[in-house]
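**Q** Following this message is one structure expressed as C-alpha cells.
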Amino acid sequence: MVNLKKLPVEISEMDQIRSLHLETDSIQSAMSVDDPVHLTLKYTQVVALLLLFKRHPKSFTVFGLGAGSLTKFFFYFCPKSKIDTIEINPQVINVAFQMFEVPAETNRHKIIEMDASSYLNNHKLPFDVLISDIFDGYGIPKQFTQKRYFKKCYNSLHDSGIFVINLWGSDKNTPNFILDLKDLFSYVIIVESDNPGNIILFCFKSTFSFPPVKQMEKNLLRLSDKLNFDLKFFYKRMLKRNKQTFERIHCR
C-alpha cells in the first residue's frame, strides 16, 4: 500500500499556471496565478455542477486537499457553508497554504491532517456533501475504490446527502466502481470531464429532493454569471449522458 503521508510534493509553473505533483509528472492540482480561485482543471469545473442540485449546502467535507482548488472554490462561492478538508500529507498542506493561496483557517474552514478512512470511521455527525478526491501519482489508491469504502461513505451521509467522487476514466476497473455505486445509491449521475479523463459521479442518498429542470437552469444562470469558465458546456453534457436518469427522477 502506498504511504500517502510521505509522498514527495513538487511544484511546476508554466504560462501562469502553477501545478502540484505527487511523485510523478502527473498534475494533481493546478492554479491560475492570475486568478487563484478559478477552477483551472476541467474535472473541478464539473464538480461545480453540484451547486445546481443544492444551492446552499450546510457543509462540505472534502477528502484530499491537493492545491486546494475545490476547498477555495466552495469557501468563496458558498460563504455560509462549513468546509472541512481532510489531507494526510503534511507537505501537501504546507504547500497549499504557501504556494496555492488556500485561505487561512476560520471557524467555518478547517484543514485536518488525517487519513480519510480514519476520519470517516470516527466522524459522528452525518455529512451533507462528501467529496472524495484522493489520488497519488498513479491513480486512486485501492482502498478508496473498494465497495466497503463506498458503503462507509453512503452510511456517513445525511439521508438527503450527496457523495461526489472523482474517478479516472482510463482505469479499466472504473465501470465496476460505477456499478458498485449504483448498487448503493438511489441515483448516480455521471459526467465525463474529458475523453479519456476524470469522471465525476454525483451519488444521491435516499431522500434527496431534486430541483426541477427549470430551477436547475436558473441556478445555472446565476452561477455562470460568477464564473470564468463555461459551466453550460458541462451541464449539457450531464443532461445528455444521464437522460434516462433525469427522466426517472422527474417522473417520480
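If you're wondering about the labels, chains in the C-alpha cells are A, B, ... by order shown, residues count from 1 in each chain, ligands from 1 in order shown.
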At a cut-off of 8 Å, can you tabulate as a Markdown table every residue of segment 113-210 of chain A near segment 13-36 of chain A together with its closest atom pair and the distance in Å to one decimal, using only C-alpha atoms and ordering rows by chain then number?
**A**
```
| residue | atom | partner | partner_atom | distance |
| --- | --- | --- | --- | --- |
| A:Phe135 | CA | A:Gln28 | CA | 7.4 |
| A:Asp136 | CA | A:Leu22 | CA | 6.2 |
| A:Gly137 | CA | A:Leu22 | CA | 5.0 |
| A:Tyr138 | CA | A:Thr24 | CA | 7.6 |
```
**Q** Using only C-alpha atoms, determine which residues lie at most 9 Å from Ser186 of chain A, disregarding the query and same-chain residues fewer than 4 positions distant; provide the list as a list of chain:residue names.
**A** A:Lys182, A:Cys203, A:Phe204, A:Lys205, A:Ser206, A:Thr207, A:Phe208
**Q** For Phe53 of chain A, please output as a list of chain:residue names all residues within 10 Å (counting only C-alpha atoms; exclusion window: fewer than 2 positions along the same chain).
**A**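 My reading of the contact set: A:Leu49, A:Leu50, A:Leu51, A:Arg55, A:His56, A:Pro57, A:Ile162, A:Phe202, A:Phe208, A:Ser209, A:Phe210, A:Pro211, A:Pro212, A:Val213, A:Gln215, A:Met216, A:Asn219, A:Leu220.
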**Q** Export, as a PDB file, in the first residue's frame, the selected residues with N, CA and C atoms.
**A**
```pdb
ATOM      1  N   LEU A  49     -20.943  21.626 -10.746  1.00  0.00           N
ATOM      2  CA  LEU A  49     -22.344  21.315 -11.067  1.00  0.00           C
ATOM      3  C   LEU A  49     -23.135  20.950  -9.814  1.00  0.00           C
ATOM      4  N   LEU A  50     -22.450  20.535  -8.792  1.00  0.00           N
ATOM      5  CA  LEU A  50     -23.086  20.208  -7.521  1.00  0.00           C
ATOM      6  C   LEU A  50     -24.020  21.319  -7.049  1.00  0.00           C
ATOM      7  N   LEU A  51     -23.631  22.573  -7.294  1.00  0.00           N
ATOM      8  CA  LEU A  51     -24.414  23.710  -6.807  1.00  0.00           C
ATOM      9  C   LEU A  51     -25.699  23.920  -7.600  1.00  0.00           C
ATOM     10  N   ARG A  55     -28.108  24.485  -3.829  1.00  0.00           N
ATOM     11  CA  ARG A  55     -27.524  25.818  -3.933  1.00  0.00           C
ATOM     12  C   ARG A  55     -26.789  26.227  -2.666  1.00  0.00           C
ATOM     13  N   HIS A  56     -27.286  25.792  -1.510  1.00  0.00           N
ATOM     14  CA  HIS A  56     -26.707  26.257  -0.246  1.00  0.00           C
ATOM     15  C   HIS A  56     -26.452  25.067   0.685  1.00  0.00           C
ATOM     16  N   PRO A  57     -25.451  24.251   0.371  1.00  0.00           N
ATOM     17  CA  PRO A  57     -25.132  23.146   1.281  1.00  0.00           C
ATOM     18  C   PRO A  57     -24.760  23.675   2.667  1.00  0.00           C
ATOM     19  N   ILE A 162     -25.223  14.100  -0.457  1.00  0.00           N
ATOM     20  CA  ILE A 162     -24.631  13.816  -1.770  1.00  0.00           C
ATOM     21  C   ILE A 162     -23.189  13.368  -1.572  1.00  0.00           C
ATOM     22  N   PHE A 202     -21.985  11.981  -9.152  1.00  0.00           N
ATOM     23  CA  PHE A 202     -22.798  12.589  -8.110  1.00  0.00           C
ATOM     24  C   PHE A 202     -23.765  11.511  -7.630  1.00  0.00           C
ATOM     25  N   PHE A 208     -33.050  12.546  -1.158  1.00  0.00           N
ATOM     26  CA  PHE A 208     -32.656  13.794  -1.813  1.00  0.00           C
ATOM     27  C   PHE A 208     -33.784  14.285  -2.710  1.00  0.00           C
ATOM     28  N   SER A 209     -34.096  15.566  -2.603  1.00  0.00           N
ATOM     29  CA  SER A 209     -35.160  16.171  -3.400  1.00  0.00           C
ATOM     30  C   SER A 209     -34.544  16.970  -4.552  1.00  0.00           C
ATOM     31  N   PHE A 210     -34.671  16.448  -5.765  1.00  0.00           N
ATOM     32  CA  PHE A 210     -34.085  17.102  -6.927  1.00  0.00           C
ATOM     33  C   PHE A 210     -34.899  18.314  -7.342  1.00  0.00           C
ATOM     34  N   PRO A 211     -34.238  19.425  -7.674  1.00  0.00           N
ATOM     35  CA  PRO A 211     -34.967  20.577  -8.220  1.00  0.00           C
ATOM     36  C   PRO A 211     -35.459  20.256  -9.619  1.00  0.00           C
ATOM     37  N   PRO A 212     -36.556  20.862 -10.048  1.00  0.00           N
ATOM     38  CA  PRO A 212     -36.997  20.690 -11.441  1.00  0.00           C
ATOM     39  C   PRO A 212     -35.945  21.228 -12.404  1.00  0.00           C
ATOM     40  N   VAL A 213     -36.033  20.808 -13.665  1.00  0.00           N
ATOM     41  CA  VAL A 213     -35.063  21.238 -14.676  1.00  0.00           C
ATOM     42  C   VAL A 213     -35.028  22.761 -14.777  1.00  0.00           C
ATOM     43  N   GLN A 215     -35.595  24.953 -12.501  1.00  0.00           N
ATOM     44  CA  GLN A 215     -34.880  25.523 -11.362  1.00  0.00           C
ATOM     45  C   GLN A 215     -33.380  25.312 -11.503  1.00  0.00           C
ATOM     46  N   MET A 216     -32.983  24.137 -11.998  1.00  0.00           N
ATOM     47  CA  MET A 216     -31.558  23.888 -12.222  1.00  0.00           C
ATOM     48  C   MET A 216     -31.001  24.878 -13.242  1.00  0.00           C
ATOM     49  N   ASN A 219     -30.490  28.148 -11.567  1.00  0.00           N
ATOM     50  CA  ASN A 219     -29.260  28.060 -10.770  1.00  0.00           C
ATOM     51  C   ASN A 219     -28.029  28.144 -11.657  1.00  0.00           C
ATOM     52  N   LEU A 220     -28.117  27.521 -12.834  1.00  0.00           N
ATOM     53  CA  LEU A 220     -27.010  27.546 -13.785  1.00  0.00           C
ATOM     54  C   LEU A 220     -26.702  28.970 -14.232  1.00  0.00           C
TER      55      LEU A 220
END
```
**Q** Smallest atom-to-atom distance to Val164 of chain A: which of A:Gln45, A:Ser69, A:Asn122, A:Ser132, using only C-alpha atoms?
**A**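 Among A:Gln45, A:Ser69, A:Asn122, A:Ser132, it is A:Ser132 that comes nearest to Val164 of chain A.
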**Q** For His109 of chain A, please output as JSON, numbers by chain all residues within 8 Å (counting only C-alpha atoms; exclusion window: fewer than 2 positions along the same chain).
**A** {"A": [75, 82, 83, 84, 85, 105, 106, 107, 111]}
**Q** Write the residues of the selection above to a file with N, CA and C atoms, as a compact mmCIF listing (two decimals), in the first residue's frame.
**A**
```txt
# COMPACT_ATOMS: atom_id res chain seq x y z
N PHE A 75 -15.26 27.69 -0.47
CA PHE A 75 -15.07 28.69 0.58
C PHE A 75 -15.57 30.06 0.10
N LYS A 82 -19.99 25.38 5.91
CA LYS A 82 -18.82 24.92 6.67
C LYS A 82 -18.03 23.96 5.78
N ILE A 83 -16.71 24.06 5.80
CA ILE A 83 -15.87 23.24 4.93
C ILE A 83 -14.75 22.61 5.75
N ASP A 84 -14.73 21.29 5.78
CA ASP A 84 -13.63 20.54 6.38
C ASP A 84 -12.92 19.77 5.28
N THR A 85 -11.62 19.98 5.16
CA THR A 85 -10.82 19.29 4.16
C THR A 85 -9.85 18.36 4.87
N GLU A 105 -7.30 29.28 8.01
CA GLU A 105 -8.44 28.61 8.63
C GLU A 105 -9.30 29.61 9.41
N THR A 106 -10.59 29.33 9.40
CA THR A 106 -11.56 30.13 10.15
C THR A 106 -12.48 29.17 10.90
N ASN A 107 -13.49 29.72 11.56
CA ASN A 107 -14.45 28.87 12.26
C ASN A 107 -15.21 27.95 11.31
N ILE A 111 -8.54 22.72 7.72
CA ILE A 111 -7.75 21.69 7.05
C ILE A 111 -7.30 20.72 8.15
```
